[in-house]
Amino acid sequence: MYKIAVVGATGLVGQKMLEVLERKSIPFNELTLFTSARSANKEVVYQGKTYITEELTEEKANEKYDFVLMSAGGSTSLKFSPLFEQAGSIVIDNSSAYRMEEGIDLIVPEVNSPQLNRKIIANPNCSTIQSVVPLKPLQDKYGLKRVAYTTYQAVSGSGVAGRNDLINGAKGEAPKNYPHPIYNNVLPHIDVFLESGYTKEEQKMIDETKKILNLPDLKVTATCVRVPVQDSHSVAINVTLEQPATVQDLRHLFEQTEGVILIDDVANNEYPLAINTTGKDEVFVGRIREDDTLDNSFHIWCTADNLLKGAALNAVQILEQIHLNNHK
Ligand code: NAP
């Protein structure tokens with residue numbers, strides 16, 4: 001039986017983590033719910049038991065847990081994850097703070113598994129997670145040469161604050177989280193701008209794709225866009241393979257890939273849609289067609305629930321992967 005802590009238990013991702021932990025058969029007998037001082041000392045009923053949220057302090061991070069599911073932003077992670085790690089806890093961190101650090105595992109269980117050289121494991125960027133799940137079987141069968149992403153990301157990717165901007169924007173209120181209204185709008189801007197002209201979100205997709213697939217020389221580019229959708233991210237993936245393949249080959253491969261669901265029947269207007277993806281664990285792909293401007297190239301439309309596969313589910317799957325390895 002494990003002793004588990006969830007940090008950021010009142011956040012959108014933290015709440016989903018509790019939901020996912022409930023339906024996975026992870027054996028635990030102790031659960032601690034950490035928040036900031038703002039939400040401390042509140043009652044949370046979980047699996048019929050009442051828990052009181054606790055403010056995370058340095059002293060509390062010095063205690064050993066089997067697993068800490070950390071979902072409270074980069075600065076909180078930078079401060080507390082090393083303390084949990086020193087105390088012997090395995091930290092699965094949702095923030096971007098450690099993802100590209102040497103020696104830190106960046107894990108999507110369908111694609112790779114942790115080496116555990118460090119006890120901090122990074123959960124990748126949401127749009128990257130859903131994209132590498134269908135890219136992995138293509139890499140294994142045909143090789144990857146180039147990937148170009150365009151994303152259509154839901155407001156819940158910005159947590160409670162993003163969700164509020166869409167809801168309150170519909171009532172005519174000015175945005176508090178985004179630099180412009182998201183209601184009735186499309187923002188070609190996620191996270192901060194870098195000197196290169198790319199945003200940090202775009203750079204995360206580029207860097208993390210290469211690290212997860214273990215292809216440092218893969219050519220990857222990205223444009224990340226926020227759209228007025230509550231939940232579930234969509235990604236248009238343009239991929240160039242090393243070896244020739246047909247649209248039928250790709251469809252067949254995705255039909256056999258664990259964690260992927262193919263919906264590709266355009267004659268009946270069937271393709272992956274954000275609203276049908278929300279609440280589902282799988283990554284959905286469709287609209288597969290050749291890009292005849294480049295050799296061996298295809299367009300793939302890909303949707304997934306950003307709070308589930310893009311965050312909480314993937315984090316709990318990492319925990320499950322370690323749990324199953326420990327009990328082989
Ligand atoms: P959120 O809804 O704003 O929730 C943030 C949570 O962090 C709240 O529970 C908050 O507690 C807690 N928190 C803030 N400062 C803290 C501190 N100093 N100590 C302890 N807890 C603290 O955000 P979210 O969307 O759940 O995102 C959480 C993390 O997951 C972020 O790092 C985000 O980048 C990452 N992530 C999010 C998504 C997504 O789709 N939303 C996807 C991938 C990764 P209070 O209630 O006390 O404020």
# chains A, B, ... in the order shown; residues from 1 in each chain; ligands from 1
>>> residues_near_ligand(ligand="ligand 1", cutoff="8 Å", atoms="only C-alpha atoms and all ligand atoms", output="VMD selection string")
chain A and resid 7 to 15 34 to 40 55 to 57 70 to 77 93 to 96 123 to 126 154 156 to 161 306 to 308 310 to 312
>>> write_last_selection(atoms="C-alpha atoms", output="compact mmCIF listing (two decimals), in the first residue's frame")
# COMPACT_ATOMS: atom_id res chain seq x y z
CA VAL A 7 0.17 18.83 -4.65
CA GLY A 8 -2.25 21.30 -6.27
CA ALA A 9 -5.23 19.16 -5.27
CA THR A 10 -7.72 22.02 -5.83
CA GLY A 11 -6.51 22.77 -9.38
CA LEU A 12 -8.02 21.50 -12.63
CA VAL A 13 -5.27 18.91 -13.06
CA GLY A 14 -5.12 17.99 -9.35
CA GLN A 15 -8.87 17.30 -9.28
CA PHE A 34 -1.59 19.84 -0.57
CA THR A 35 -2.56 23.32 -1.77
CA SER A 36 -1.24 26.83 -1.22
CA ALA A 37 -2.28 28.77 1.91
CA ARG A 38 -5.30 30.04 -0.11
CA SER A 39 -7.13 26.70 -0.15
CA ALA A 40 -5.64 25.08 2.96
CA GLU A 55 -0.68 24.10 2.98
CA LEU A 56 2.53 22.73 1.47
CA THR A 57 5.53 23.86 3.52
CA MET A 70 2.93 17.52 -8.30
CA SER A 71 0.63 19.87 -10.17
CA ALA A 72 1.08 23.38 -8.84
CA GLY A 73 3.11 25.31 -11.41
CA GLY A 74 6.82 25.66 -12.16
CA SER A 75 7.96 27.83 -9.23
CA THR A 76 6.24 25.60 -6.64
CA SER A 77 7.83 22.58 -8.26
CA ASP A 93 5.79 16.70 -11.94
CA ASN A 94 3.29 18.31 -14.31
CA SER A 95 5.12 21.60 -14.70
CA SER A 96 7.74 22.37 -17.33
CA ASN A 123 5.09 14.74 -17.22
CA PRO A 124 5.38 16.33 -20.69
CA ASN A 125 3.51 19.27 -22.20
CA CYS A 126 -0.14 18.43 -22.94
CA ALA A 154 -8.53 24.55 -25.01
CA SER A 156 -8.59 24.53 -19.46
CA GLY A 157 -4.93 24.17 -20.48
CA SER A 158 -4.43 27.45 -18.58
CA GLY A 159 -6.10 26.08 -15.45
CA VAL A 160 -8.93 27.72 -13.54
CA ALA A 161 -7.88 31.20 -14.72
CA ASN A 306 -5.79 17.89 -22.19
CA LEU A 307 -6.65 17.39 -18.51
CA LEU A 308 -6.65 13.59 -18.84
CA GLY A 310 -2.47 15.68 -21.54
CA ALA A 311 -1.94 15.87 -17.78
CA ALA A 312 -3.56 13.86 -14.95
>>> select_by_dssp(residues="segment 79-112 of chain A", states="strand (DSSP E)", output="list in words")
Ile90, Val91, Ile92, Asp93, Asp105 and Leu106 of chain A
>>> residues_around(residues="Gln243 of chain A", least_positions_apart="6", cutoff="12 Å", atoms="only C-alpha atoms", output="CSV table (one decimal) with N, CA and C atoms, in the first residue's frame")
chain,number,residue,atom,x,y,z
A,138,LEU,N,4.5,5.3,-35.9
A,138,LEU,CA,5.1,5.7,-37.2
A,138,LEU,C,6.6,5.7,-37.2
A,139,GLN,N,7.2,6.1,-36.1
A,139,GLN,CA,8.6,6.1,-35.9
A,139,GLN,C,9.1,4.7,-36.0
A,140,ASP,N,8.4,3.8,-35.3
A,140,ASP,CA,8.9,2.4,-35.2
A,140,ASP,C,8.8,1.7,-36.6
A,141,LYS,N,7.7,2.0,-37.4
A,141,LYS,CA,7.5,1.2,-38.6
A,141,LYS,C,8.1,1.9,-39.8
A,142,TYR,N,8.1,3.3,-39.9
A,142,TYR,CA,8.5,3.9,-41.1
A,142,TYR,C,9.7,4.9,-40.9
A,143,GLY,N,10.0,5.2,-39.6
A,143,GLY,CA,11.0,6.3,-39.3
A,143,GLY,C,10.4,7.7,-39.5
A,144,LEU,N,10.9,8.6,-38.7
A,144,LEU,CA,10.4,10.0,-38.8
A,144,LEU,C,11.5,10.9,-39.3
A,145,LYS,N,11.1,11.8,-40.2
A,145,LYS,CA,12.1,12.8,-40.8
A,145,LYS,C,11.8,14.2,-40.4
A,249,ASP,N,-2.1,2.3,-45.0
A,249,ASP,CA,-1.1,1.7,-44.0
A,249,ASP,C,-1.2,2.5,-42.7
A,295,ASP,N,7.6,14.5,-50.2
A,295,ASP,CA,7.6,13.0,-50.3
A,295,ASP,C,7.2,12.4,-48.9
A,296,ASN,N,6.5,11.2,-49.0
A,296,ASN,CA,6.2,10.4,-47.8
A,296,ASN,C,5.6,11.3,-46.7
A,297,SER,N,4.7,12.2,-47.0
A,297,SER,CA,4.2,13.1,-46.0
A,297,SER,C,2.7,13.0,-45.8
>>> select_by_dssp(residues="segment 75-317 of chain A", states="alpha helix (DSSP H)", output="count of residues only")
73
>>> closest_residue(among="A:Leu313, A:Leu194, A:Val227, A:Val132", to="Pro181 of chain A", atoms="only C-alpha atoms")
A:Val227
>>> residues_around(residues="Val91 of chain A", least_positions_apart="4", cutoff="12 Å", atoms="only C-alpha atoms", output="PyMOL selection string")
chain A and resi 4-7+61+64-71+77-78+80-87+95+98+104-105+116+118-123+315-316+318-319+322
>>> write_last_selection(atoms="N, CA and C atoms", output="mmCIF file, in the first residue's frame")
data_model
loop_
_atom_site.group_PDB
_atom_site.id
_atom_site.type_symbol
_atom_site.label_atom_id
_atom_site.label_comp_id
_atom_site.auth_asym_id
_atom_site.auth_seq_id
_atom_site.Cartn_x
_atom_site.Cartn_y
_atom_site.Cartn_z
ATOM 1 N N ILE A 4 0.579 8.404 -0.774
ATOM 2 C CA ILE A 4 0.583 9.302 -1.936
ATOM 3 C C ILE A 4 0.223 10.727 -1.514
ATOM 4 N N ALA A 5 0.904 11.696 -2.118
ATOM 5 C CA ALA A 5 0.524 13.107 -1.920
ATOM 6 C C ALA A 5 0.173 13.706 -3.278
ATOM 7 N N VAL A 6 -0.864 14.525 -3.298
ATOM 8 C CA VAL A 6 -1.211 15.287 -4.505
ATOM 9 C C VAL A 6 -0.990 16.757 -4.164
ATOM 10 N N VAL A 7 -0.095 17.402 -4.886
ATOM 11 C CA VAL A 7 0.172 18.830 -4.650
ATOM 12 C C VAL A 7 -0.553 19.630 -5.737
ATOM 13 N N ALA A 61 7.416 18.915 3.022
ATOM 14 C CA ALA A 61 8.058 18.299 1.850
ATOM 15 C C ALA A 61 9.259 17.449 2.250
ATOM 16 N N LYS A 64 8.709 11.620 3.720
ATOM 17 C CA LYS A 64 8.782 10.700 2.566
ATOM 18 C C LYS A 64 7.400 10.152 2.189
ATOM 19 N N TYR A 65 7.100 10.273 0.896
ATOM 20 C CA TYR A 65 5.911 9.646 0.313
ATOM 21 C C TYR A 65 6.416 8.636 -0.717
ATOM 22 N N ASP A 66 5.592 7.639 -1.045
ATOM 23 C CA ASP A 66 6.003 6.759 -2.143
ATOM 24 C C ASP A 66 5.932 7.537 -3.453
ATOM 25 N N PHE A 67 4.830 8.281 -3.636
ATOM 26 C CA PHE A 67 4.656 9.082 -4.850
ATOM 27 C C PHE A 67 4.086 10.449 -4.501
ATOM 28 N N VAL A 68 4.644 11.477 -5.132
ATOM 29 C CA VAL A 68 4.072 12.821 -5.030
ATOM 30 C C VAL A 68 3.634 13.220 -6.431
ATOM 31 N N LEU A 69 2.344 13.442 -6.611
ATOM 32 C CA LEU A 69 1.825 13.925 -7.897
ATOM 33 C C LEU A 69 1.779 15.438 -7.794
ATOM 34 N N MET A 70 2.697 16.076 -8.481
ATOM 35 C CA MET A 70 2.931 17.515 -8.304
ATOM 36 C C MET A 70 2.271 18.263 -9.452
ATOM 37 N N SER A 71 1.354 19.162 -9.119
ATOM 38 C CA SER A 71 0.625 19.872 -10.169
ATOM 39 C C SER A 71 0.269 21.274 -9.695
ATOM 40 N N SER A 77 7.091 23.820 -8.025
ATOM 41 C CA SER A 77 7.830 22.580 -8.259
ATOM 42 C C SER A 77 9.325 22.768 -8.007
ATOM 43 N N LEU A 78 9.862 23.895 -8.508
ATOM 44 C CA LEU A 78 11.306 24.135 -8.314
ATOM 45 C C LEU A 78 11.651 24.212 -6.835
ATOM 46 N N PHE A 80 9.785 22.823 -4.191
ATOM 47 C CA PHE A 80 9.461 21.682 -3.332
ATOM 48 C C PHE A 80 9.883 20.306 -3.894
ATOM 49 N N SER A 81 9.936 20.160 -5.223
ATOM 50 C CA SER A 81 10.248 18.816 -5.761
ATOM 51 C C SER A 81 11.594 18.291 -5.258
ATOM 52 N N PRO A 82 12.674 19.137 -5.231
ATOM 53 C CA PRO A 82 13.953 18.618 -4.733
ATOM 54 C C PRO A 82 13.899 18.191 -3.260
ATOM 55 N N LEU A 83 13.037 18.863 -2.477
ATOM 56 C CA LEU A 83 12.924 18.476 -1.062
ATOM 57 C C LEU A 83 12.270 17.102 -0.949
ATOM 58 N N PHE A 84 11.176 16.912 -1.698
ATOM 59 C CA PHE A 84 10.526 15.591 -1.709
ATOM 60 C C PHE A 84 11.518 14.524 -2.190
ATOM 61 N N GLU A 85 12.276 14.874 -3.237
ATOM 62 C CA GLU A 85 13.234 13.907 -3.806
ATOM 63 C C GLU A 85 14.289 13.519 -2.767
ATOM 64 N N GLN A 86 14.821 14.547 -2.069
ATOM 65 C CA GLN A 86 15.846 14.259 -1.045
ATOM 66 C C GLN A 86 15.307 13.371 0.064
ATOM 67 N N ALA A 87 14.003 13.525 0.340
ATOM 68 C CA ALA A 87 13.396 12.709 1.407
ATOM 69 C C ALA A 87 13.113 11.285 0.926
ATOM 70 N N SER A 95 4.656 20.304 -14.186
ATOM 71 C CA SER A 95 5.117 21.598 -14.698
ATOM 72 C C SER A 95 6.244 21.385 -15.711
ATOM 73 N N TYR A 98 11.324 20.860 -14.944
ATOM 74 C CA TYR A 98 12.441 19.891 -15.008
ATOM 75 C C TYR A 98 12.521 19.115 -16.315
ATOM 76 N N ILE A 104 16.696 13.775 -16.203
ATOM 77 C CA ILE A 104 15.281 13.720 -15.796
ATOM 78 C C ILE A 104 14.501 12.964 -16.871
ATOM 79 N N ASP A 105 13.764 11.932 -16.443
ATOM 80 C CA ASP A 105 12.923 11.186 -17.379
ATOM 81 C C ASP A 105 11.726 12.036 -17.774
ATOM 82 N N LEU A 116 14.780 6.288 -13.941
ATOM 83 C CA LEU A 116 14.821 6.625 -12.509
ATOM 84 C C LEU A 116 16.233 6.915 -11.989
ATOM 85 N N ARG A 118 17.016 9.887 -11.525
ATOM 86 C CA ARG A 118 16.557 10.883 -10.543
ATOM 87 C C ARG A 118 15.159 10.473 -10.102
ATOM 88 N N LYS A 119 14.772 10.949 -8.911
ATOM 89 C CA LYS A 119 13.429 10.592 -8.430
ATOM 90 C C LYS A 119 12.377 11.607 -8.848
ATOM 91 N N ILE A 120 12.797 12.653 -9.581
ATOM 92 C CA ILE A 120 11.810 13.554 -10.174
ATOM 93 C C ILE A 120 11.596 13.073 -11.611
ATOM 94 N N ILE A 121 10.340 12.781 -11.951
ATOM 95 C CA ILE A 121 9.986 12.373 -13.320
ATOM 96 C C ILE A 121 9.086 13.469 -13.871
ATOM 97 N N ALA A 122 9.340 13.877 -15.112
ATOM 98 C CA ALA A 122 8.543 14.962 -15.678
ATOM 99 C C ALA A 122 7.418 14.420 -16.550
ATOM 100 N N ASN A 123 6.243 15.000 -16.361
ATOM 101 C CA ASN A 123 5.092 14.737 -17.220
ATOM 102 C C ASN A 123 5.170 15.772 -18.342
ATOM 103 N N ALA A 315 0.122 11.319 -15.911
ATOM 104 C CA ALA A 315 0.897 11.299 -14.656
ATOM 105 C C ALA A 315 0.582 10.033 -13.856
ATOM 106 N N VAL A 316 -0.703 9.692 -13.765
ATOM 107 C CA VAL A 316 -1.069 8.491 -12.998
ATOM 108 C C VAL A 316 -0.610 7.228 -13.739
ATOM 109 N N ILE A 318 2.137 7.007 -15.362
ATOM 110 C CA ILE A 318 3.573 6.881 -15.029
ATOM 111 C C ILE A 318 3.704 6.166 -13.680
ATOM 112 N N LEU A 319 2.869 6.607 -12.727
ATOM 113 C CA LEU A 319 2.870 5.967 -11.400
ATOM 114 C C LEU A 319 2.551 4.467 -11.545
ATOM 115 N N ILE A 322 5.450 2.439 -12.921
ATOM 116 C CA ILE A 322 6.481 2.138 -11.907
ATOM 117 C C ILE A 322 5.951 1.060 -10.958
#
